[in-house]
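final-v1.cif follows (mmCIF, C-alpha atoms):
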```cif
data_work
loop_
_atom_site.label_atom_id
_atom_site.label_comp_id
_atom_site.auth_asym_id
_atom_site.auth_seq_id
_atom_site.Cartn_x
_atom_site.Cartn_y
_atom_site.Cartn_z
CA MET A 1 -18.41 8.47 19.82
CA THR A 2 -20.62 6.85 17.20
CA SER A 3 -21.99 3.36 17.72
CA THR A 4 -24.12 0.91 15.79
CA ASP A 5 -26.11 -1.26 18.20
CA SER A 6 -25.22 -4.93 18.03
CA HIS A 7 -28.81 -6.16 17.74
CA GLN A 8 -29.35 -4.06 14.63
CA ALA A 9 -26.48 -5.55 12.62
CA PRO A 10 -26.67 -8.90 10.83
CA ARG A 11 -24.92 -11.64 12.75
CA VAL A 12 -21.34 -12.43 11.69
CA THR A 13 -19.52 -15.63 12.66
CA ASP A 14 -15.76 -15.87 13.07
CA ALA A 15 -15.62 -18.24 10.11
CA GLU A 16 -17.51 -15.83 7.89
CA ALA A 17 -15.38 -12.89 9.04
CA GLY A 18 -12.24 -14.87 8.24
CA ARG A 19 -13.51 -15.75 4.77
CA ILE A 20 -14.29 -12.11 3.99
CA ALA A 21 -10.93 -10.94 5.33
CA PHE A 22 -9.14 -13.59 3.27
CA ALA A 23 -10.98 -12.52 0.11
CA ALA A 24 -10.06 -8.90 0.85
CA PHE A 25 -6.43 -9.98 1.31
CA VAL A 26 -6.24 -11.87 -1.99
CA GLY A 27 -7.80 -9.03 -3.97
CA THR A 28 -5.52 -6.49 -2.27
CA ALA A 29 -2.44 -8.65 -2.94
CA LEU A 30 -3.24 -8.66 -6.65
CA GLU A 31 -3.74 -4.90 -6.69
CA TRP A 32 -0.48 -4.27 -4.81
CA TYR A 33 1.31 -6.60 -7.23
CA ASP A 34 0.21 -4.36 -10.08
CA TYR A 35 1.14 -1.20 -8.20
CA PHE A 36 4.53 -2.40 -6.91
CA LEU A 37 5.64 -3.50 -10.37
CA TYR A 38 6.01 0.16 -11.26
CA GLY A 39 8.30 0.85 -8.29
CA THR A 40 10.67 -1.96 -9.21
CA ALA A 41 10.59 -1.07 -12.90
CA ALA A 42 11.27 2.60 -12.10
CA SER A 43 14.54 1.50 -10.46
CA ILE A 44 15.86 -0.79 -13.20
CA VAL A 45 13.89 -0.25 -16.43
CA PHE A 46 12.02 3.03 -16.81
CA ASN A 47 15.04 5.17 -15.93
CA ARG A 48 16.83 3.73 -18.98
CA LEU A 49 14.10 2.95 -21.53
CA TYR A 50 11.57 5.76 -20.96
CA PHE A 51 13.52 8.63 -19.40
CA ALA A 52 16.65 8.51 -21.53
CA THR A 53 18.47 11.73 -20.60
CA GLY A 54 22.10 10.63 -20.89
CA ASP A 55 22.68 11.32 -17.18
CA PRO A 56 21.91 8.27 -15.00
CA VAL A 57 21.11 10.37 -11.91
CA VAL A 58 18.73 12.66 -13.81
CA ALA A 59 17.08 9.65 -15.47
CA THR A 60 16.55 7.98 -12.09
CA LEU A 61 15.14 11.19 -10.64
CA ALA A 62 12.72 11.45 -13.58
CA ALA A 63 11.64 7.82 -13.17
CA PHE A 64 11.06 8.31 -9.44
CA ALA A 65 9.13 11.51 -10.17
CA SER A 66 6.74 9.53 -12.38
CA PHE A 67 6.55 6.96 -9.56
CA ALA A 68 5.59 9.75 -7.13
CA VAL A 69 2.87 11.07 -9.45
CA GLY A 70 0.90 7.90 -8.79
CA PHE A 71 0.79 8.80 -5.12
CA VAL A 72 -0.38 12.34 -5.85
CA ALA A 73 -3.31 10.81 -7.75
CA ARG A 74 -4.27 8.49 -4.90
CA PRO A 75 -6.26 11.10 -2.89
CA VAL A 76 -8.33 11.67 -6.03
CA GLY A 77 -9.20 7.99 -6.00
CA ALA A 78 -9.86 8.19 -2.26
CA VAL A 79 -12.42 10.95 -2.83
CA ILE A 80 -14.11 9.22 -5.78
CA PHE A 81 -14.24 5.70 -4.41
CA GLY A 82 -14.74 6.84 -0.82
CA HIS A 83 -17.94 8.52 -1.98
CA VAL A 84 -19.00 5.37 -3.86
CA GLY A 85 -18.14 3.16 -0.89
CA ASP A 86 -19.99 5.28 1.69
CA ARG A 87 -22.99 6.00 -0.54
CA ILE A 88 -23.49 2.92 -2.75
CA GLY A 89 -21.49 0.13 -1.14
CA ARG A 90 -18.04 -1.09 -0.20
CA LYS A 91 -18.22 -4.13 -2.49
CA ARG A 92 -19.16 -2.26 -5.65
CA SER A 93 -16.35 0.23 -5.17
CA LEU A 94 -13.77 -2.53 -4.75
CA ILE A 95 -14.88 -4.26 -7.97
CA ILE A 96 -14.32 -1.04 -9.90
CA THR A 97 -10.87 -0.40 -8.42
CA VAL A 98 -9.50 -3.87 -9.14
CA THR A 99 -10.76 -3.77 -12.75
CA MET A 100 -9.23 -0.37 -13.35
CA ILE A 101 -5.77 -1.15 -12.03
CA GLY A 102 -5.58 -4.51 -13.81
CA VAL A 103 -6.36 -2.98 -17.20
CA VAL A 104 -3.97 -0.05 -16.69
CA THR A 105 -1.09 -2.31 -15.62
CA GLY A 106 -1.57 -4.49 -18.69
CA LEU A 107 -1.42 -1.38 -20.88
CA ILE A 108 1.94 -0.39 -19.34
CA GLY A 109 3.27 -3.74 -20.51
CA LEU A 110 2.23 -2.87 -24.07
CA LEU A 111 3.56 0.72 -24.13
CA PRO A 112 6.37 1.41 -26.67
CA ASP A 113 9.57 2.90 -25.20
CA TYR A 114 11.40 6.18 -25.87
CA THR A 115 13.32 4.91 -28.90
CA ALA A 116 10.03 3.90 -30.57
CA ILE A 117 7.75 6.90 -29.98
CA GLY A 118 10.00 9.54 -28.43
CA VAL A 119 8.70 11.90 -25.77
CA ALA A 120 5.22 10.38 -25.99
CA ALA A 121 6.59 7.33 -24.17
CA PRO A 122 7.31 8.98 -20.79
CA VAL A 123 4.17 11.12 -21.10
CA LEU A 124 1.89 8.11 -21.65
CA LEU A 125 3.71 6.11 -18.98
CA THR A 126 3.15 8.89 -16.46
CA LEU A 127 -0.53 9.12 -17.44
CA LEU A 128 -0.99 5.39 -16.87
CA ARG A 129 0.75 5.75 -13.51
CA VAL A 130 -1.77 8.45 -12.59
CA LEU A 131 -4.64 6.08 -13.40
CA GLN A 132 -2.95 3.39 -11.30
CA GLY A 133 -2.84 5.83 -8.41
CA VAL A 134 -6.51 6.73 -8.74
CA ALA A 135 -7.50 3.06 -8.61
CA VAL A 136 -5.29 2.21 -5.62
CA GLY A 137 -6.57 5.32 -3.86
CA GLY A 138 -9.90 3.60 -3.38
CA GLU A 139 -8.59 0.07 -2.81
CA TRP A 140 -6.89 -0.13 0.57
CA GLY A 141 -9.46 1.87 2.51
CA GLY A 142 -12.28 -0.26 1.13
CA ALA A 143 -10.49 -3.55 1.80
CA VAL A 144 -9.71 -2.83 5.45
CA THR A 145 -13.15 -1.28 6.00
CA LEU A 146 -14.85 -4.41 4.66
CA ALA A 147 -12.62 -6.71 6.72
CA VAL A 148 -13.09 -4.75 9.95
CA GLU A 149 -16.84 -4.33 9.57
CA HIS A 150 -17.28 -8.09 9.16
CA ALA A 151 -15.05 -8.90 12.15
CA PRO A 152 -16.10 -9.49 15.78
CA PRO A 153 -15.03 -6.37 17.74
CA GLU A 154 -12.61 -8.31 19.96
CA HIS A 155 -10.83 -9.81 16.93
CA ARG A 156 -10.60 -6.80 14.65
CA GLY A 157 -6.82 -6.56 14.98
CA ARG A 158 -6.17 -9.91 13.32
CA TYR A 159 -8.74 -9.43 10.56
CA ALA A 160 -7.59 -5.88 9.84
CA ALA A 161 -4.03 -7.21 9.46
CA LEU A 162 -4.99 -9.68 6.72
CA PRO A 163 -5.44 -7.07 3.97
CA GLN A 164 -2.06 -5.69 5.10
CA VAL A 165 -0.49 -9.03 4.23
CA GLY A 166 -1.46 -8.22 0.65
CA SER A 167 1.43 -5.75 0.59
CA PRO A 168 4.31 -8.23 1.14
CA ILE A 169 2.55 -10.80 -1.05
CA GLY A 170 2.36 -8.17 -3.78
CA THR A 171 6.06 -7.48 -3.19
CA LEU A 172 6.90 -11.18 -3.44
CA LEU A 173 4.94 -11.54 -6.66
CA SER A 174 6.31 -8.38 -8.30
CA SER A 175 9.93 -8.80 -7.15
CA GLY A 176 9.78 -12.51 -7.89
CA ALA A 177 8.50 -11.83 -11.39
CA PHE A 178 11.30 -9.33 -12.03
CA THR A 179 13.88 -11.68 -10.53
CA LEU A 180 12.83 -14.37 -13.03
CA VAL A 181 12.85 -12.11 -16.08
CA SER A 182 16.17 -10.60 -14.92
CA LEU A 183 17.74 -14.00 -15.64
CA MET A 184 17.25 -13.26 -19.34
CA PRO A 185 20.15 -11.80 -21.34
CA PRO A 186 20.22 -7.98 -20.92
CA GLU A 187 19.18 -7.30 -24.51
CA THR A 188 16.21 -9.69 -24.24
CA PHE A 189 15.19 -8.22 -20.89
CA ASP A 190 15.21 -4.70 -22.30
CA ALA A 191 13.46 -5.70 -25.53
CA TRP A 192 10.46 -7.51 -24.08
CA GLY A 193 11.33 -9.52 -20.95
CA TRP A 194 10.46 -6.75 -18.47
CA ARG A 195 6.98 -6.48 -20.00
CA LEU A 196 5.91 -9.99 -18.98
CA PRO A 197 5.17 -9.18 -15.29
CA PHE A 198 2.94 -6.28 -16.41
CA LEU A 199 1.08 -8.38 -18.97
CA ALA A 200 0.45 -11.01 -16.29
CA ALA A 201 -1.89 -8.48 -14.66
CA ILE A 202 -4.59 -9.31 -17.22
CA PRO A 203 -5.18 -12.98 -16.25
CA LEU A 204 -4.73 -12.05 -12.57
CA LEU A 205 -7.53 -9.51 -13.02
CA PHE A 206 -10.02 -12.30 -13.71
CA VAL A 207 -8.97 -14.04 -10.48
CA ALA A 208 -9.46 -10.82 -8.53
CA LEU A 209 -12.88 -10.17 -10.07
CA TYR A 210 -14.04 -13.69 -9.21
CA LEU A 211 -13.06 -13.18 -5.57
CA ARG A 212 -14.48 -9.69 -5.29
CA ARG A 213 -17.86 -10.73 -6.66
CA ARG A 214 -18.13 -13.43 -3.97
CA VAL A 215 -17.53 -10.95 -1.12
CA GLU A 216 -20.68 -9.95 0.76
CA GLU A 217 -21.54 -6.37 1.58
CA SER A 218 -20.56 -5.01 4.99
CA PRO A 219 -23.21 -5.70 7.67
CA LEU A 220 -22.71 -2.21 9.09
CA PHE A 221 -23.31 -0.65 5.67
CA THR A 222 -26.47 -2.75 5.38
CA VAL A 223 -27.66 -1.22 8.66
CA LEU A 224 -26.86 2.27 7.40
CA LEU A 225 -28.98 1.61 4.32
CA GLU A 226 -31.89 0.43 6.45
CA GLN A 227 -31.67 3.43 8.76
CA HIS A 228 -31.00 5.95 5.96
CA GLU A 229 -27.91 7.18 7.81
CA ARG A 230 -25.63 7.51 4.81
CA ALA A 231 -23.80 10.81 4.47
CA SER A 232 -24.88 12.86 1.46
CA LEU A 233 -21.34 14.14 0.86
CA PRO A 234 -19.06 11.94 2.99
CA VAL A 235 -15.80 13.52 1.83
CA VAL A 236 -17.03 17.02 2.72
CA GLU A 237 -18.16 15.85 6.15
CA VAL A 238 -14.84 14.14 6.82
CA LEU A 239 -12.79 17.22 5.93
CA ARG A 240 -15.16 19.58 7.72
CA ASP A 241 -15.73 17.68 10.96
CA SER A 242 -12.78 15.27 11.27
CA LEU A 243 -9.73 17.04 9.87
CA GLY A 244 -7.72 16.32 13.02
CA ARG A 245 -8.50 12.62 12.66
CA VAL A 246 -7.45 12.73 9.01
CA LEU A 247 -4.09 14.27 9.94
CA THR A 248 -3.66 11.69 12.68
CA GLY A 249 -4.29 8.86 10.23
CA LEU A 250 -1.92 10.48 7.74
CA CYS A 251 0.93 10.51 10.27
CA ALA A 252 0.19 6.98 11.49
CA SER A 253 0.50 5.59 7.95
CA LEU A 254 3.72 7.36 6.91
CA LEU A 255 6.29 4.83 8.07
CA GLY A 256 4.48 1.74 6.80
CA VAL A 257 4.24 3.23 3.32
CA GLY A 258 7.03 5.80 2.97
CA GLY A 259 9.55 3.78 4.95
CA PHE A 260 8.73 0.72 2.91
CA TYR A 261 9.41 2.48 -0.38
CA LEU A 262 12.60 3.92 1.07
CA LEU A 263 13.90 0.43 1.93
CA THR A 264 12.72 -1.20 -1.30
CA THR A 265 12.36 1.16 -4.28
CA PHE A 266 15.14 3.56 -3.23
CA VAL A 267 17.46 0.92 -1.78
CA ILE A 268 17.25 -1.18 -4.98
CA SER A 269 18.36 1.87 -6.95
CA TYR A 270 20.99 2.83 -4.34
CA GLY A 271 22.41 -0.67 -4.24
CA THR A 272 22.66 -1.11 -8.01
CA GLU A 273 23.53 2.42 -9.16
CA THR A 274 25.64 3.75 -6.26
CA LEU A 275 27.08 0.70 -4.54
CA GLY A 276 27.47 -1.35 -7.73
CA LEU A 277 25.74 -4.39 -6.28
CA PRO A 278 24.08 -7.02 -8.49
CA ARG A 279 20.45 -6.35 -9.34
CA SER A 280 19.63 -9.94 -8.40
CA LEU A 281 21.00 -9.40 -4.87
CA MET A 282 18.87 -6.32 -4.26
CA LEU A 283 15.73 -8.01 -5.56
CA SER A 284 16.46 -11.10 -3.46
CA ALA A 285 16.84 -8.91 -0.37
CA THR A 286 13.35 -7.51 -0.89
CA LEU A 287 11.98 -11.05 -1.29
CA VAL A 288 13.48 -12.18 2.03
CA ALA A 289 12.18 -9.03 3.71
CA ALA A 290 8.69 -9.61 2.33
CA VAL A 291 8.57 -13.14 3.76
CA VAL A 292 9.58 -11.86 7.20
CA GLU A 293 7.06 -9.03 6.90
CA ILE A 294 4.18 -11.49 6.53
CA ALA A 295 4.98 -13.03 9.94
CA VAL A 296 5.41 -9.60 11.55
CA LEU A 297 2.03 -8.41 10.25
CA LEU A 298 0.14 -11.46 11.52
CA VAL A 299 1.82 -11.47 14.96
CA PHE A 300 1.46 -7.77 15.68
CA GLY A 301 -2.06 -7.61 14.25
CA ARG A 302 -3.08 -10.07 16.98
CA LEU A 303 -0.99 -8.29 19.60
CA ALA A 304 -2.92 -5.08 18.89
CA GLU A 305 -6.06 -6.78 20.22
CA ARG A 306 -4.39 -6.91 23.66
CA LEU A 307 -2.29 -3.75 23.73
CA GLY A 308 -4.25 -1.49 21.38
CA PRO A 309 -3.19 -0.44 17.87
CA GLY A 310 -1.88 2.94 19.06
CA THR A 311 0.59 1.37 21.49
CA VAL A 312 1.86 -1.12 18.91
CA CYS A 313 2.24 1.66 16.34
CA VAL A 314 4.40 3.73 18.70
CA ALA A 315 6.58 0.72 19.60
CA GLY A 316 7.24 -0.12 15.95
CA SER A 317 8.06 3.49 15.15
CA VAL A 318 10.64 3.65 17.93
CA ALA A 319 12.21 0.39 16.74
CA SER A 320 12.48 1.74 13.18
CA ALA A 321 14.21 4.89 14.39
CA VAL A 322 16.71 2.83 16.41
CA VAL A 323 17.73 0.64 13.45
CA ALA A 324 17.76 3.40 10.79
CA PHE A 325 21.50 4.14 10.88
CA PRO A 326 22.63 0.51 11.38
CA VAL A 327 20.57 -0.48 8.32
CA PHE A 328 22.50 1.89 6.05
CA TRP A 329 25.83 1.07 7.67
CA MET A 330 25.23 -2.58 6.74
CA LEU A 331 24.22 -1.66 3.20
CA ASP A 332 27.39 0.36 2.72
CA THR A 333 29.57 -2.67 3.54
CA ARG A 334 28.51 -4.21 0.19
CA SER A 335 28.51 -7.59 1.91
CA ALA A 336 25.70 -9.73 0.47
CA PRO A 337 24.59 -11.26 3.82
CA LEU A 338 24.63 -7.87 5.53
CA VAL A 339 22.72 -6.26 2.66
CA VAL A 340 19.96 -8.87 2.95
CA LEU A 341 19.96 -8.50 6.76
CA ALA A 342 19.76 -4.71 6.51
CA VAL A 343 16.73 -4.66 4.21
CA THR A 344 15.01 -7.42 6.20
CA LEU A 345 15.60 -5.77 9.58
CA GLY A 346 14.44 -2.37 8.37
CA VAL A 347 11.30 -3.70 6.71
CA ALA A 348 10.47 -5.89 9.73
CA CYS A 349 10.53 -2.91 12.11
CA LEU A 350 8.44 -0.59 9.94
CA SER A 351 5.96 -3.43 9.36
CA VAL A 352 4.94 -3.26 13.04
CA PRO A 353 3.04 0.04 12.68
CA TYR A 354 1.83 -1.05 9.24
CA ALA A 355 0.33 -4.18 10.83
CA VAL A 356 -2.03 -2.07 12.93
CA SER A 357 -2.70 0.83 10.57
CA GLY A 358 -5.88 -0.88 9.31
CA SER A 359 -7.43 -1.23 12.77
CA LEU A 360 -6.08 2.15 13.90
CA LEU A 361 -7.43 4.14 10.96
CA THR A 362 -10.82 2.39 10.76
CA GLU A 363 -11.45 3.18 14.41
CA LEU A 364 -10.80 6.88 13.82
CA PHE A 365 -14.06 7.30 11.88
CA PRO A 366 -17.74 6.33 12.38
CA PRO A 367 -19.28 3.81 9.94
CA HIS A 368 -21.09 6.33 7.73
CA LEU A 369 -17.81 8.17 7.00
CA ARG A 370 -15.36 5.29 7.39
CA TYR A 371 -14.52 4.40 3.79
CA SER A 372 -13.90 8.05 2.91
CA GLY A 373 -12.07 8.89 6.13
CA VAL A 374 -9.75 5.90 6.00
CA SER A 375 -9.04 6.30 2.28
CA ILE A 376 -8.32 10.02 2.49
CA SER A 377 -6.06 9.66 5.55
CA PHE A 378 -4.07 6.77 4.16
CA ASN A 379 -3.68 8.24 0.69
CA LEU A 380 -2.71 11.71 1.85
CA GLY A 381 0.01 9.89 3.73
CA GLY A 382 0.72 8.15 0.45
CA VAL A 383 1.26 11.50 -1.28
CA VAL A 384 4.08 12.27 1.13
CA SER A 385 5.37 8.70 0.98
CA GLY A 386 5.47 8.64 -2.81
CA PHE A 387 8.13 11.36 -2.78
CA VAL A 388 10.36 9.53 -0.31
CA PRO A 389 12.49 7.72 -2.96
CA LEU A 390 12.80 11.01 -4.86
CA ALA A 391 13.79 12.87 -1.68
CA ALA A 392 16.32 10.18 -0.76
CA THR A 393 17.86 10.26 -4.24
CA SER A 394 18.06 14.06 -4.09
CA LEU A 395 19.81 13.90 -0.72
CA MET A 396 22.36 11.49 -2.15
CA ALA A 397 22.86 13.62 -5.26
CA ALA A 398 23.47 16.65 -3.03
CA GLY A 399 26.30 14.80 -1.32
CA GLY A 400 24.44 14.01 1.86
CA GLY A 401 25.51 10.38 1.96
CA SER A 402 23.60 7.43 3.36
CA TRP A 403 23.46 9.05 6.81
CA ALA A 404 21.10 11.69 5.39
CA VAL A 405 18.76 8.97 4.09
CA ALA A 406 18.88 7.24 7.48
CA LEU A 407 17.89 10.55 9.08
CA LEU A 408 14.93 10.72 6.69
CA LEU A 409 13.82 7.30 7.98
CA VAL A 410 14.09 8.57 11.57
CA GLY A 411 11.86 11.52 10.67
CA LEU A 412 9.19 9.24 9.20
CA SER A 413 9.37 7.11 12.36
CA ALA A 414 8.86 10.13 14.62
CA LEU A 415 5.78 11.34 12.73
CA THR A 416 4.27 7.85 12.76
CA ALA A 417 4.84 7.57 16.50
CA VAL A 418 2.88 10.81 17.00
CA GLY A 419 0.06 9.44 14.83
CA GLY A 420 -0.08 6.24 16.86
CA LEU A 421 -0.03 8.06 20.17
CA VAL A 422 -2.86 10.42 19.23
CA GLY A 423 -4.82 7.85 17.24
CA GLY A 424 -4.95 5.48 20.18
CA ARG A 425 -6.88 8.12 22.13
CA LEU A 426 -9.39 8.97 19.38
CA ARG A 427 -10.89 5.52 18.78
CA VAL A 428 -14.55 5.33 17.68
CA ARG A 429 -16.27 2.09 18.61
CA ASP A 430 -19.15 0.28 16.92
CA GLU A 431 -20.45 -3.20 17.54
CA VAL A 432 -21.18 -6.16 15.25
CA SER A 433 -22.89 -9.26 16.66
CA VAL A 434 -21.17 -12.65 16.55
CA ALA A 435 -23.34 -15.72 16.39
#
```
Represent the structure contained in this file as structure tokens.
Amino acid sequence: MTSTDSHQAPRVTDAEAGRIAFAAFVGTALEWYDYFLYGTAASIVFNRLYFATGDPVVATLAAFASFAVGFVARPVGAVIFGHVGDRIGRKRSLIITVTMIGVVTGLIGLLPDYTAIGVAAPVLLTLLRVLQGVAVGGEWGGAVTLAVEHAPPEHRGRYAALPQVGSPIGTLLSSGAFTLVSLMPPETFDAWGWRLPFLAAIPLLFVALYLRRRVEESPLFTVLLEQHERASLPVVEVLRDSLGRVLTGLCASLLGVGGFYLLTTFVISYGTETLGLPRSLMLSATLVAAVVEIAVLLVFGRLAERLGPGTVCVAGSVASAVVAFPVFWMLDTRSAPLVVLAVTLGVACLSVPYAVSGSLLTELFPPHLRYSGVSISFNLGGVVSGFVPLAATSLMAAGGGSWAVALLLVGLSALTAVGGLVGGRLRVRDEVSVA
């Protein structure tokens, strides 16, 4: 167990910790907005305009494959920005990541489609998705690390949950933006309407930069600088000395990320392409689910302070496994109220382990390796999670039916439960003074 003595760290008040956590949340929400746009567009735009194969199933598979590539790139970002965050500073790393993803997302909005530049269109789109993945690979780990290291030890659960709220806010912004532009006539939407949400990333970038520049450096990192305790090669040390903790964090993060994309990105495609449901209904279902998710994250983040993040993670995983089959039974009815209820119920249950993944993963690693350890764990889980929509689509194409997709959700729940159970027993504690 590694500890930083409380008298050595700068004093942090609850008000200051809340301000830092809120700034981390806003910046993370803007980054997730940029990142989630691609998932929604892959379901309803990119499969038609960039991966024009003539076969709708093959086109959707190709679009989801490009979606998954962004997750493969995320560990690269975790290594790069984990090193920057553990060696130079959490704040500086986060400024770089938000700038990078904002610029890349704006460029996607300017990219000509397949009819304009041919095969170069999907190639360039996939390249931009890779760059998105690299940027996001360093974002989440830095945001939760900064929030946790500013928080009083007894209140880390609630502050670690705030950056998590950035995920449903990003969903609301991205799905809301696509819902609005989907009101355009189909030919207008295809011509330029879908590009507007991506182009909006440029002005949002300036908001994110303003907030990030006002965030103060982590008090624990300040202590590490004073004591010269920074790791020379943090990524190497994490993989050499803490591989078991990395795998634990990977499992603990699977449901909150992979399950989420299963019930949003895949379900949007499943509802519109297979069940023949209106695109507006599927997007509205994700909006309702995102609103409910915000409440779930805040409530269970606080509950983790009493029960422990590992216990809460296991409970949420079990709940997700229990509702997996009912969720898809409700979707298959094609009833609008049941479709909205299905997506909302599924997302609410998987949001329970996601609510505590920030506090659970940050407590797996000591301060001098935390940014790298958290980022690598979470983003390796993201590699697996990024292929979930592709795997679900492949199961459907093979004739497995919705029951096979429900079984996939049960599998993700089981692995996350194992991660929560083990992670709760491997917690590393460090102390930050509260004035």
Handout entry: Which of A:Pro56, A:Pro219, A:Pro203, A:Gly276 sits closest to Thr333 (chain A) [using all atoms listed in the file]
Key =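 Once distances to Thr333 (chain A) are computed over all atoms listed in the file, the minimum belongs to A:Gly276.
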Pairwise distance, CA of Ala348 (chain A) with CA of Ala315 (chain A), equals 12.5 Å
Computed gap from CA of Leu37 (chain A) to CA of Ile202 (chain A) is 13.6 Å
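The residue that comes closest to Ala208 (chain A), out of A:Ser357, A:Thr393, A:Ser385, A:Thr99 and on the basis of all atoms listed in the file, is A:Thr99.
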Checklist entry - So which residues get picked by the PyMOL selection byres ((chain A and resi 356) around 7) here, written as a ChimeraX atom specification? => result /A:157,161,301,304,309,313,353-355,357-360
Selection in question (the file shown): the PyMOL selection byres ((chain A and resi 336) around 12). Which residues does it include, as an mmCIF file with C-alpha atoms, keeping the file's coordinate frame?
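See expr-v3.cif below for the written result:
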```
data_model
loop_
_atom_site.group_PDB
_atom_site.id
_atom_site.type_symbol
_atom_site.label_atom_id
_atom_site.label_comp_id
_atom_site.auth_asym_id
_atom_site.auth_seq_id
_atom_site.Cartn_x
_atom_site.Cartn_y
_atom_site.Cartn_z
ATOM 1 C CA GLY A 271 22.410 -0.670 -4.240
ATOM 2 C CA LEU A 275 27.080 0.700 -4.540
ATOM 3 C CA GLY A 276 27.470 -1.350 -7.730
ATOM 4 C CA LEU A 277 25.740 -4.390 -6.280
ATOM 5 C CA PRO A 278 24.080 -7.020 -8.490
ATOM 6 C CA ARG A 279 20.450 -6.350 -9.340
ATOM 7 C CA SER A 280 19.630 -9.940 -8.400
ATOM 8 C CA LEU A 281 21.000 -9.400 -4.870
ATOM 9 C CA MET A 282 18.870 -6.320 -4.260
ATOM 10 C CA LEU A 283 15.730 -8.010 -5.560
ATOM 11 C CA SER A 284 16.460 -11.100 -3.460
ATOM 12 C CA ALA A 285 16.840 -8.910 -0.370
ATOM 13 C CA MET A 330 25.230 -2.580 6.740
ATOM 14 C CA LEU A 331 24.220 -1.660 3.200
ATOM 15 C CA ASP A 332 27.390 0.360 2.720
ATOM 16 C CA THR A 333 29.570 -2.670 3.540
ATOM 17 C CA ARG A 334 28.510 -4.210 0.190
ATOM 18 C CA SER A 335 28.510 -7.590 1.910
ATOM 19 C CA PRO A 337 24.590 -11.260 3.820
ATOM 20 C CA LEU A 338 24.630 -7.870 5.530
ATOM 21 C CA VAL A 339 22.720 -6.260 2.660
ATOM 22 C CA VAL A 340 19.960 -8.870 2.950
ATOM 23 C CA LEU A 341 19.960 -8.500 6.760
ATOM 24 C CA ALA A 342 19.760 -4.710 6.510
ATOM 25 C CA VAL A 343 16.730 -4.660 4.210
#
```
Notebook entry, point to check: What does the distance from CA of Thr248 (chain A) to CA of Ala324 (chain A) come to in Å, to one decimal?
Noted result: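 For CA of Thr248 (chain A) relative to CA of Ala324 (chain A), the distance reads 23.0 Å.
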With the PyMOL selection byres ((chain A and resi 352) around 12) as the selection, what would be picked from this file? Answer as a ChimeraX atom specification, please. /A:161,164-165,252-253,255-257,259-260,292-304,309-320,345-351,353-358,413,416-417,420
Exercise for the section: Fewer than 4 positions away in the same chain doesn't count, so skip those; otherwise give me all residues within 8 Å of Gly386 (chain A), counting all atoms listed in the file, as a list in words. Expected result: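 The neighbour list is Phe67, Ala68, Val69, Gly70, Phe71, Val72, Gly258, Tyr261, Gly382 and Leu390 of chain A.
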Top pick for closest residue to Val246 (chain A), considering A:Val84, A:Val410, A:Leu364, A:Ala63 and counting only C-alpha atoms: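 For Val246 (chain A), the nearest of the candidates is A:Leu364.
With all atoms listed in the file as the atoms that count, the residue of A:Thr115, A:Ser182, A:Thr188, A:Thr28 with the shortest distance to Gly138 (chain A) is A:Thr28.
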Of A:Leu204, A:Leu426, A:Leu287, A:Leu421, the one sitting nearest Thr171 (chain A) when using all atoms listed in the file is A:Leu287
Using all atoms listed in the file, determine which residues lie at most 8 Å from Phe387 (chain A), disregarding the query and same-chain residues fewer than 3 positions distant; provide the list as a short mmCIF file (atom, residue, chain, number, x, y, z; two decimals) with C-alpha atoms, in the frame of the given file.
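Resulting contents of around.cif:
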```cif
data_model
loop_
_atom_site.label_atom_id
_atom_site.label_comp_id
_atom_site.auth_asym_id
_atom_site.auth_seq_id
_atom_site.Cartn_x
_atom_site.Cartn_y
_atom_site.Cartn_z
CA PHE A 64 11.06 8.31 -9.44
CA ALA A 65 9.13 11.51 -10.17
CA ALA A 68 5.59 9.75 -7.13
CA VAL A 383 1.26 11.50 -1.28
CA VAL A 384 4.08 12.27 1.13
CA LEU A 390 12.80 11.01 -4.86
CA ALA A 391 13.79 12.87 -1.68
#
```
Would you mind putting N, CA, C and O atoms back on region 197-201 of chain A and writing the result as a JSON list (two decimals), keeping the file's coordinate frame?
```json
[["chain", "number", "residue", "atom", "x", "y", "z"],
["A", 197, "PRO", "N", 5.88, -9.35, -16.57],
["A", 197, "PRO", "CA", 5.17, -9.18, -15.29],
["A", 197, "PRO", "C", 3.97, -8.24, -15.39],
["A", 197, "PRO", "O", 2.96, -8.45, -14.71],
["A", 198, "PHE", "N", 4.07, -7.21, -16.24],
["A", 198, "PHE", "CA", 2.94, -6.28, -16.41],
["A", 198, "PHE", "C", 1.80, -6.95, -17.17],
["A", 198, "PHE", "O", 0.62, -6.78, -16.82],
["A", 199, "LEU", "N", 2.12, -7.70, -18.20],
["A", 199, "LEU", "CA", 1.08, -8.38, -18.97],
["A", 199, "LEU", "C", 0.38, -9.45, -18.16],
["A", 199, "LEU", "O", -0.79, -9.77, -18.41],
["A", 200, "ALA", "N", 1.07, -10.00, -17.15],
["A", 200, "ALA", "CA", 0.45, -11.01, -16.29],
["A", 200, "ALA", "C", -0.71, -10.43, -15.49],
["A", 200, "ALA", "O", -1.53, -11.19, -14.93],
["A", 201, "ALA", "N", -0.80, -9.11, -15.40],
["A", 201, "ALA", "CA", -1.89, -8.48, -14.66],
["A", 201, "ALA", "C", -3.26, -8.79, -15.27],
["A", 201, "ALA", "O", -4.26, -8.78, -14.55]]
```
